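Working notes, structure below.
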Amino acid sequence: MTVKSIPLPDIGNFKDLPVIEVLVAVGDRVQAEQSLITLESDKATMEIPAPFAGTVRKVLVKTDDKLNIGDAIVELEVDDAEATKAIETPVNAAPAPAAAQEPVSVPAPTPLVAMPSPLAKPTQDQSQADPINAPSPGAAYHASPSVRAFARALGVDLSQVSGTGVKSRILKADVTAYVKAALAEPISRSAPSSAGSAIAPLPSIDFTQFGAIETVPLSRIQKRSGKHLSSCWLNIPHVTQFDEADITALEDFRVSLKMRAEKAGVKLTPLVFVMKAVARVLGDMPKFNASLDASGENLILKKYIHIGVAVDTPNGLVVPVIRDVDQKGLFELSSELAAVSTRAREGKLTPEDMAGGCFSISSLGGIGGTQFTPIVNGPEVAILGVSRAKMSPVWDGSSFVPRLMLPLALSYDHRVIDGAQGARFISALSGVLSDLRELIL
Ligand code: CAO
């Protein structure tokens, strides 16, 4: 038998991560990959698994401890055959009290977000992986993975449960209390989730009475999207303002750059020009680069311009964020957009890829359509929808001339942005797209 100290593996660029749950106790027999503790960053919750099977001899951390890479978590007593299975790349563990102890490396942690990569066991909380689908601040809740699993097993929607733990964290006891209350009030509690709000639920219909049907479950991303989109739609008073930008000159410029773009290994689509133009107008009109705070009484103006771009994936809509768009060139933006949309379609986005957006763009221009009304990706305050550019006859004062017109739709939160400001934003955007020289002014 050997005693091994199990350190916190390299889980990325994190410092002082709080332990929110210790999942093992002295004497427990744990299996390889079984979770030992749960850590929480401001982006995600992750479980740290045991690298191999063994018996817990010491638990070296407690709830609320702050851990860094290499900090010892537990001491595991393992038989020698198991011990030799310990994976290479040892990390610096805390000093081991017992002579037989040696630090070992541990498998990658399990981020509890929607990342169907080989390292992740996506179980819940896609709010970070899917920011357009993240719950609004008011609807967010905190609960450890085991509590979430407990709630799932009971079919409890945690967004309905009040947490009594630190910082309103939902505890197992809260879930139990919720279930007890639900059983005591079966009629009101078992009603559809919109019960209690002023909105009547949609009728439940047995469609088989009309013909053959097939039931297809929604993907996890779609389920999250549905919640978040409903929340944005219901909480944000939307206005959508339409315009068209004359992108004839932009298109000539884009075509003239084609060879250079190819040499640089990128494909320039109109979208990156739109991103640059949006960044420019956001810089000029900071109210659009903002969020209401949780009280709804203050506007937080952001001094950075990170733009979320909606990407259509087989599993649903995700919105990775391209950072500092105002500071990047067209080729760099194209390259980032291509990389991030590829990762999105492969389900490999990280929470960081999707955090921190100030404004979103949804471009359906590559697909078609003349206009659509995008839903504001709260807590952002505005979103731009881009449809397919079309050659149109435009009256120049004396005759109709063929111009390439790009349809734009700006949806905004009317609590923050007045109609006149919305009109000014979209006119300014249209102006920049029509004459890219505006970008260098
Ligand atoms: N007008 C005319 N043509 C356009 C255009 C526009 N507004 N936007 C793109 N195109 C062209 C591109 O130039 C490209 O043409 P070629 O193949 O001839 O070079 C083609 O359409 C395909 O473009 P693309 O879609 O591959 O690239 P993109 O940079 O425009 O968009 C991305 C990238 C990731 C945003 C896009 O692929 C995507 O996923 N769009 C869907 C977003 C979505 O689902 N939004 C809805 C959210 S709300 O439910």
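In the structure tokens, the first chain shown is A, the next is B, and so on; residue numbers restart at 1 for each chain, and ligands run from 1 in the order shown.
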
With only C-alpha atoms and all ligand atoms counted and 8 Å as the cut-off, give the residues of chain A in contact with ligand 1, each with its shortest interatomic distance in Å and the pair that gives it, as JSON lines.
{"residue": "A:Lys267", "atom": "CA", "partner": "ligand 1", "partner_atom_place_in_ligand_line": "19 (O)", "distance": 7.0}
{"residue": "A:Leu268", "atom": "CA", "partner": "ligand 1", "partner_atom_place_in_ligand_line": "13 (O)", "distance": 7.0}
{"residue": "A:Thr269", "atom": "CA", "partner": "ligand 1", "partner_atom_place_in_ligand_line": "13 (O)", "distance": 4.1}
{"residue": "A:Pro270", "atom": "CA", "partner": "ligand 1", "partner_atom_place_in_ligand_line": "8 (N)", "distance": 5.4}
{"residue": "A:Leu271", "atom": "CA", "partner": "ligand 1", "partner_atom_place_in_ligand_line": "29 (O)", "distance": 5.0}
{"residue": "A:Val272", "atom": "CA", "partner": "ligand 1", "partner_atom_place_in_ligand_line": "29 (O)", "distance": 6.8}
{"residue": "A:Val309", "atom": "CA", "partner": "ligand 1", "partner_atom_place_in_ligand_line": "35 (C)", "distance": 6.1}
{"residue": "A:Ala310", "atom": "CA", "partner": "ligand 1", "partner_atom_place_in_ligand_line": "42 (C)", "distance": 4.8}
{"residue": "A:Val311", "atom": "CA", "partner": "ligand 1", "partner_atom_place_in_ligand_line": "39 (O)", "distance": 3.6}
{"residue": "A:Asp312", "atom": "CA", "partner": "ligand 1", "partner_atom_place_in_ligand_line": "39 (O)", "distance": 3.9}
{"residue": "A:Thr313", "atom": "CA", "partner": "ligand 1", "partner_atom_place_in_ligand_line": "39 (O)", "distance": 6.8}
{"residue": "A:Leu317", "atom": "CA", "partner": "ligand 1", "partner_atom_place_in_ligand_line": "44 (O)", "distance": 6.1}
{"residue": "A:Ser334", "atom": "CA", "partner": "ligand 1", "partner_atom_place_in_ligand_line": "29 (O)", "distance": 7.5}
{"residue": "A:Leu337", "atom": "CA", "partner": "ligand 1", "partner_atom_place_in_ligand_line": "34 (C)", "distance": 6.9}
{"residue": "A:Ala338", "atom": "CA", "partner": "ligand 1", "partner_atom_place_in_ligand_line": "34 (C)", "distance": 7.2}
{"residue": "A:Ser341", "atom": "CA", "partner": "ligand 1", "partner_atom_place_in_ligand_line": "34 (C)", "distance": 5.1}
{"residue": "A:Ser362", "atom": "CA", "partner": "ligand 1", "partner_atom_place_in_ligand_line": "45 (N)", "distance": 4.5}
{"residue": "A:Ser363", "atom": "CA", "partner": "ligand 1", "partner_atom_place_in_ligand_line": "42 (C)", "distance": 5.0}
{"residue": "A:Leu364", "atom": "CA", "partner": "ligand 1", "partner_atom_place_in_ligand_line": "41 (C)", "distance": 5.0}
{"residue": "A:Gly365", "atom": "CA", "partner": "ligand 1", "partner_atom_place_in_ligand_line": "7 (N)", "distance": 3.4}
{"residue": "A:Gly366", "atom": "CA", "partner": "ligand 1", "partner_atom_place_in_ligand_line": "21 (O)", "distance": 3.2}
{"residue": "A:Ile367", "atom": "CA", "partner": "ligand 1", "partner_atom_place_in_ligand_line": "21 (O)", "distance": 6.5}
{"residue": "A:Gly368", "atom": "CA", "partner": "ligand 1", "partner_atom_place_in_ligand_line": "1 (N)", "distance": 7.6}
{"residue": "A:Pro374", "atom": "CA", "partner": "ligand 1", "partner_atom_place_in_ligand_line": "48 (S)", "distance": 6.1}
{"residue": "A:Ile375", "atom": "CA", "partner": "ligand 1", "partner_atom_place_in_ligand_line": "48 (S)", "distance": 7.3}
{"residue": "A:Gly385", "atom": "CA", "partner": "ligand 1", "partner_atom_place_in_ligand_line": "45 (N)", "distance": 8.0}
{"residue": "A:Val386", "atom": "CA", "partner": "ligand 1", "partner_atom_place_in_ligand_line": "7 (N)", "distance": 5.8}
{"residue": "A:Ser387", "atom": "CA", "partner": "ligand 1", "partner_atom_place_in_ligand_line": "7 (N)", "distance": 5.0}
{"residue": "A:Arg388", "atom": "CA", "partner": "ligand 1", "partner_atom_place_in_ligand_line": "1 (N)", "distance": 3.6}
{"residue": "A:Ala389", "atom": "CA", "partner": "ligand 1", "partner_atom_place_in_ligand_line": "1 (N)", "distance": 3.8}
{"residue": "A:Lys390", "atom": "CA", "partner": "ligand 1", "partner_atom_place_in_ligand_line": "2 (C)", "distance": 7.1}
{"residue": "A:Leu406", "atom": "CA", "partner": "ligand 1", "partner_atom_place_in_ligand_line": "7 (N)", "distance": 6.2}
{"residue": "A:Pro407", "atom": "CA", "partner": "ligand 1", "partner_atom_place_in_ligand_line": "7 (N)", "distance": 7.6}

What would the file look like if the residues just selected were written as a tab-separated table (two decimals), in the first residue's frame with N, CA, C and O atoms?
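Everything below was put into part-v7.tsv:
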chain	number	residue	atom	x	y	z
A	267	LYS	N	-10.93	33.97	-45.10
A	267	LYS	CA	-11.97	34.27	-46.08
A	267	LYS	C	-12.74	35.48	-45.55
A	267	LYS	O	-13.32	35.43	-44.47
A	268	LEU	N	-12.67	36.57	-46.29
A	268	LEU	CA	-13.33	37.80	-45.82
A	268	LEU	C	-14.79	37.75	-46.23
A	268	LEU	O	-15.11	37.75	-47.41
A	269	THR	N	-15.68	37.74	-45.26
A	269	THR	CA	-17.11	37.84	-45.58
A	269	THR	C	-17.57	39.24	-45.14
A	269	THR	O	-16.86	39.91	-44.38
A	270	PRO	N	-18.76	39.66	-45.55
A	270	PRO	CA	-19.22	40.99	-45.13
A	270	PRO	C	-19.29	41.13	-43.61
A	270	PRO	O	-19.20	42.23	-43.08
A	271	LEU	N	-19.41	40.00	-42.91
A	271	LEU	CA	-19.63	40.07	-41.47
A	271	LEU	C	-18.52	40.81	-40.72
A	271	LEU	O	-18.78	41.57	-39.79
A	272	VAL	N	-17.27	40.59	-41.12
A	272	VAL	CA	-16.19	41.25	-40.37
A	272	VAL	C	-16.21	42.77	-40.58
A	272	VAL	O	-15.86	43.54	-39.68
A	309	VAL	N	-20.97	36.83	-31.55
A	309	VAL	CA	-21.48	36.52	-32.90
A	309	VAL	C	-22.25	35.20	-32.82
A	309	VAL	O	-21.69	34.17	-32.42
A	310	ALA	N	-23.52	35.27	-33.17
A	310	ALA	CA	-24.34	34.05	-33.12
A	310	ALA	C	-23.84	33.05	-34.16
A	310	ALA	O	-23.63	33.42	-35.32
A	311	VAL	N	-23.64	31.83	-33.72
A	311	VAL	CA	-23.18	30.77	-34.64
A	311	VAL	C	-24.19	29.63	-34.59
A	311	VAL	O	-24.58	29.16	-33.52
A	312	ASP	N	-24.57	29.22	-35.77
A	312	ASP	CA	-25.53	28.14	-35.92
A	312	ASP	C	-24.76	26.81	-35.84
A	312	ASP	O	-23.82	26.61	-36.61
A	313	THR	N	-25.10	25.95	-34.89
A	313	THR	CA	-24.40	24.67	-34.79
A	313	THR	C	-25.44	23.54	-34.83
A	313	THR	O	-26.63	23.79	-34.60
A	317	LEU	N	-28.01	27.16	-31.14
A	317	LEU	CA	-27.37	28.46	-31.27
A	317	LEU	C	-26.39	28.72	-30.13
A	317	LEU	O	-26.73	28.54	-28.97
A	334	SER	N	-11.35	37.94	-39.18
A	334	SER	CA	-11.80	36.80	-39.99
A	334	SER	C	-11.23	35.50	-39.47
A	334	SER	O	-11.92	34.49	-39.38
A	337	LEU	N	-12.89	34.62	-36.21
A	337	LEU	CA	-14.28	34.21	-36.42
A	337	LEU	C	-14.33	32.78	-36.97
A	337	LEU	O	-15.13	31.95	-36.54
A	338	ALA	N	-13.42	32.50	-37.92
A	338	ALA	CA	-13.41	31.16	-38.52
A	338	ALA	C	-13.05	30.13	-37.44
A	338	ALA	O	-13.68	29.07	-37.33
A	341	SER	N	-15.94	29.79	-34.87
A	341	SER	CA	-17.15	29.13	-35.36
A	341	SER	C	-16.89	27.65	-35.63
A	341	SER	O	-17.78	26.81	-35.44
A	362	SER	N	-26.21	38.86	-35.06
A	362	SER	CA	-26.72	37.62	-35.62
A	362	SER	C	-26.79	37.80	-37.12
A	362	SER	O	-27.56	38.63	-37.61
A	363	SER	N	-25.94	37.09	-37.84
A	363	SER	CA	-25.88	37.27	-39.29
A	363	SER	C	-26.48	36.06	-40.00
A	363	SER	O	-25.96	34.95	-39.90
A	364	LEU	N	-27.55	36.29	-40.68
A	364	LEU	CA	-28.16	35.22	-41.48
A	364	LEU	C	-27.92	35.49	-42.95
A	364	LEU	O	-28.52	34.86	-43.82
A	365	GLY	N	-26.99	36.43	-43.22
A	365	GLY	CA	-26.74	36.85	-44.60
A	365	GLY	C	-26.24	35.73	-45.49
A	365	GLY	O	-26.50	35.72	-46.69
A	366	GLY	N	-25.52	34.79	-44.90
A	366	GLY	CA	-25.01	33.68	-45.70
A	366	GLY	C	-26.12	32.70	-46.08
A	366	GLY	O	-25.93	31.85	-46.95
A	367	ILE	N	-27.27	32.84	-45.45
A	367	ILE	CA	-28.34	31.87	-45.67
A	367	ILE	C	-29.45	32.48	-46.53
A	367	ILE	O	-29.86	31.91	-47.53
A	368	GLY	N	-29.92	33.67	-46.15
A	368	GLY	CA	-30.97	34.30	-46.95
A	368	GLY	C	-31.95	35.06	-46.08
A	368	GLY	O	-31.71	35.26	-44.89
A	374	PRO	N	-34.15	40.15	-34.32
A	374	PRO	CA	-33.39	39.40	-33.32
A	374	PRO	C	-33.82	39.74	-31.90
A	374	PRO	O	-34.31	40.85	-31.65
A	375	ILE	N	-33.63	38.80	-31.01
A	375	ILE	CA	-33.96	39.02	-29.59
A	375	ILE	C	-32.70	39.48	-28.86
A	375	ILE	O	-31.64	38.86	-28.99
A	385	GLY	N	-29.21	42.36	-36.28
A	385	GLY	CA	-29.49	41.27	-37.21
A	385	GLY	C	-29.08	41.70	-38.61
A	385	GLY	O	-29.38	42.81	-39.03
A	386	VAL	N	-28.36	40.81	-39.29
A	386	VAL	CA	-27.90	41.12	-40.65
A	386	VAL	C	-28.51	40.10	-41.60
A	386	VAL	O	-28.38	38.89	-41.37
A	387	SER	N	-29.16	40.58	-42.64
A	387	SER	CA	-29.73	39.65	-43.63
A	387	SER	C	-28.92	39.72	-44.93
A	387	SER	O	-27.87	40.34	-44.98
A	388	ARG	N	-29.44	39.07	-45.94
A	388	ARG	CA	-28.65	38.89	-47.16
A	388	ARG	C	-28.64	40.17	-48.02
A	388	ARG	O	-29.70	40.74	-48.29
A	389	ALA	N	-27.46	40.58	-48.42
A	389	ALA	CA	-27.35	41.77	-49.28
A	389	ALA	C	-27.96	41.47	-50.65
A	389	ALA	O	-27.88	40.35	-51.15
A	390	LYS	N	-28.57	42.50	-51.21
A	390	LYS	CA	-29.27	42.28	-52.48
A	390	LYS	C	-29.06	43.49	-53.39
A	390	LYS	O	-29.12	44.64	-52.93
A	406	LEU	N	-27.58	46.15	-47.97
A	406	LEU	CA	-27.50	45.17	-46.87
A	406	LEU	C	-28.59	45.48	-45.85
A	406	LEU	O	-28.58	46.54	-45.22
A	407	PRO	N	-29.54	44.55	-45.65
A	407	PRO	CA	-30.60	44.80	-44.66
A	407	PRO	C	-30.08	44.63	-43.23
A	407	PRO	O	-29.41	43.65	-42.91

Identify, on the basis of only C-alpha atoms, every residue whose closest approach to A:Glu77 does not exceed 6 Å; exclude the query and any residue fewer than 3 positions from it along the same chain; express the result as a PyMOL selection string. chain A and resi 2-3+54-55

Just N, CA, C and O atoms for this one: save the residues we selected as a compact mmCIF listing (two decimals), in the first residue's frame.
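Wrote it out as result-v6.txt, contents follow:
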# COMPACT_ATOMS: atom_id res chain seq x y z
N THR A 2 0.48 2.23 -0.77
CA THR A 2 1.21 3.50 -0.81
C THR A 2 0.21 4.62 -0.54
O THR A 2 -0.94 4.54 -0.96
N VAL A 3 0.68 5.63 0.14
CA VAL A 3 -0.20 6.79 0.35
C VAL A 3 0.20 7.87 -0.63
O VAL A 3 1.38 8.23 -0.73
N GLY A 54 -8.86 4.30 -4.56
CA GLY A 54 -8.13 4.21 -3.30
C GLY A 54 -9.05 4.52 -2.14
O GLY A 54 -10.24 4.74 -2.32
N THR A 55 -8.44 4.52 -0.96
CA THR A 55 -9.23 4.83 0.25
C THR A 55 -8.74 6.17 0.79
O THR A 55 -7.54 6.40 0.91

Which one of A:His142, A:Arg29, A:Arg415, A:Arg148 sits closest to A:Gly296 if you count only C-alpha atoms? A:Arg415

Determine, counting only C-alpha atoms, which protein, DNA and RNA residues have an atom within 12 Å of an atom of A:Gln241; residues of the same chain fewer than 2 positions away are not included. Present the result as a compact mmCIF listing (two decimals) with N, CA and C atoms, in the first residue's frame.
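Output below, filename part_36.txt:
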# COMPACT_ATOMS: atom_id res chain seq x y z
N HIS A 238 -38.72 45.20 -26.13
CA HIS A 238 -37.96 45.28 -27.39
C HIS A 238 -38.54 46.30 -28.36
N VAL A 239 -37.65 46.95 -29.05
CA VAL A 239 -38.03 47.69 -30.27
C VAL A 239 -37.05 47.23 -31.34
N ASP A 243 -33.04 49.13 -41.28
CA ASP A 243 -32.40 50.05 -42.23
C ASP A 243 -31.72 49.21 -43.30
N GLU A 244 -31.22 49.89 -44.29
CA GLU A 244 -30.42 49.21 -45.32
C GLU A 244 -29.16 50.02 -45.51
N GLN A 371 -35.29 40.25 -43.86
CA GLN A 371 -35.20 40.90 -42.55
C GLN A 371 -35.64 39.92 -41.48
N PHE A 372 -35.26 40.16 -40.24
CA PHE A 372 -35.79 39.40 -39.10
C PHE A 372 -35.61 40.25 -37.86
N THR A 373 -36.28 39.86 -36.79
CA THR A 373 -36.20 40.66 -35.56
C THR A 373 -35.44 39.87 -34.49
N PRO A 374 -34.15 40.15 -34.32
CA PRO A 374 -33.39 39.40 -33.32
C PRO A 374 -33.82 39.74 -31.90
N ALA A 382 -28.54 45.62 -26.78
CA ALA A 382 -28.90 45.72 -28.20
C ALA A 382 -28.25 44.58 -28.98
N ILE A 383 -28.86 44.27 -30.10
CA ILE A 383 -28.36 43.21 -30.97
C ILE A 383 -28.63 43.63 -32.41
N LEU A 384 -27.70 43.27 -33.28
CA LEU A 384 -27.89 43.61 -34.70
C LEU A 384 -28.17 42.34 -35.49
N GLY A 385 -29.21 42.36 -36.28
CA GLY A 385 -29.49 41.27 -37.21
C GLY A 385 -29.08 41.70 -38.61
N PRO A 407 -29.54 44.55 -45.65
CA PRO A 407 -30.60 44.80 -44.66
C PRO A 407 -30.08 44.63 -43.23
N LEU A 408 -30.40 45.62 -42.40
CA LEU A 408 -29.97 45.61 -41.01
C LEU A 408 -31.19 45.73 -40.11
N ALA A 409 -31.15 45.04 -38.97
CA ALA A 409 -32.24 45.15 -37.99
C ALA A 409 -31.59 45.31 -36.62
N LEU A 410 -31.90 46.39 -35.95
CA LEU A 410 -31.33 46.63 -34.62
C LEU A 410 -32.45 46.48 -33.60
N SER A 411 -32.35 45.45 -32.75
CA SER A 411 -33.31 45.34 -31.64
C SER A 411 -32.63 45.90 -30.40
N TYR A 412 -33.39 46.64 -29.61
CA TYR A 412 -32.78 47.22 -28.41
C TYR A 412 -33.75 47.23 -27.24
N ASP A 413 -33.15 47.37 -26.07
CA ASP A 413 -33.90 47.41 -24.81
C ASP A 413 -34.41 48.83 -24.62
N HIS A 414 -35.71 48.98 -24.72
CA HIS A 414 -36.29 50.32 -24.71
C HIS A 414 -36.21 50.98 -23.34
N ILE A 417 -32.61 52.46 -24.17
CA ILE A 417 -32.37 53.19 -25.42
C ILE A 417 -33.69 53.73 -25.96
N ASP A 418 -33.69 55.01 -26.23
CA ASP A 418 -34.89 55.62 -26.82
C ASP A 418 -34.92 55.35 -28.32
N GLY A 419 -36.11 55.48 -28.87
CA GLY A 419 -36.27 55.26 -30.31
C GLY A 419 -35.34 56.14 -31.14
N ALA A 420 -35.19 57.38 -30.71
CA ALA A 420 -34.36 58.31 -31.49
C ALA A 420 -32.91 57.83 -31.48
N GLN A 421 -32.47 57.33 -30.32
CA GLN A 421 -31.08 56.84 -30.24
C GLN A 421 -30.91 55.59 -31.10
N GLY A 422 -31.94 54.74 -31.09
CA GLY A 422 -31.89 53.55 -31.93
C GLY A 422 -31.75 53.93 -33.39
N ALA A 423 -32.55 54.92 -33.79
CA ALA A 423 -32.50 55.36 -35.19
C ALA A 423 -31.14 55.97 -35.51
N ARG A 424 -30.59 56.72 -34.53
CA ARG A 424 -29.27 57.31 -34.76
C ARG A 424 -28.20 56.23 -34.90
N PHE A 425 -28.31 55.20 -34.07
CA PHE A 425 -27.30 54.13 -34.11
C PHE A 425 -27.31 53.45 -35.47
N ILE A 426 -28.50 53.08 -35.92
CA ILE A 426 -28.55 52.29 -37.15
C ILE A 426 -28.22 53.17 -38.37
N SER A 427 -28.54 54.47 -38.29
CA SER A 427 -28.15 55.36 -39.39
C SER A 427 -26.64 55.52 -39.42

Write down as a PyMOL selection string the residues belonging to stretch 168-362 of chain A that are assigned alpha helix (DSSP H) by DSSP computed on the backbone. chain A and resi 172-184+186-189+220-235+248-256+258-263+270-284+330-345

Within 6 Å of A:Val321 using only C-alpha atoms, minus same-chain residues under 5 positions, as a list in words: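 Listed by chain and then number, they are Ile307, Gly308, Asp353, Met354 and Gly357 of chain A.
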
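The two atoms in question, atom CA of A:Pro379 and atom CA of A:Ser291, are spaced 5.5 Å apart.
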
Rounded to one decimal in Å, what is the spacing between atom CA of A:Lys4 and atom CA of A:Glu75?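 So the two atoms, atom CA of A:Lys4 and atom CA of A:Glu75, lie 5.4 Å apart.
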
Considering only C-alpha atoms, can you say which of A:Val266, A:Leu429, A:Ala249, A:Leu441 comes closest to A:Leu404? A:Ala249

Can you measure atom CA of A:Pro393 to atom CA of A:Val432 for me? One decimal in Å is fine.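 According to the coordinates, atom CA of A:Pro393 and atom CA of A:Val432 are separated by 20.7 Å.
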
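Looking only at stretch 213-323 of chain A, the set that DSSP places in strand (DSSP E) from backbone geometry is His238, Val239, Thr240, Gln241, Phe242, Asp243, Glu244, Ala245, Asp246, Ala290, Ser291, Leu292, Leu299, Ile300, Leu301, Ile307, Gly308, Val309, Val311, Asp312, Thr313, Gly316, Leu317, Val318, Val321 and Ile322 of chain A.
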
Please determine, counting only C-alpha atoms, which residue among A:Val56, A:Ile73, A:Leu171, A:Ala151 has the shortest atom-to-atom distance to A:Val19. A:Ile73

Skip A:Leu292 itself and residues of its chain fewer than 5 positions away, then list as a list of chain:residue names all residues within 10 Å of it, counting only C-alpha atoms.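 In the requested form, the answer reads A:Glu297, A:Asn298, A:Leu299, A:Ile300, A:Leu301, A:Gly378, A:Pro379, A:Glu380, A:Val381, A:Asp413, A:Arg415, A:Val416.
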
Quick one: residues within 12 Å of A:Gly265, only C-alpha atoms counted, chain neighbours fewer than 5 positions away excluded, as JSON, numbers by chain? {"A": [258, 259, 260, 331, 332, 334, 335, 336, 338, 339]}
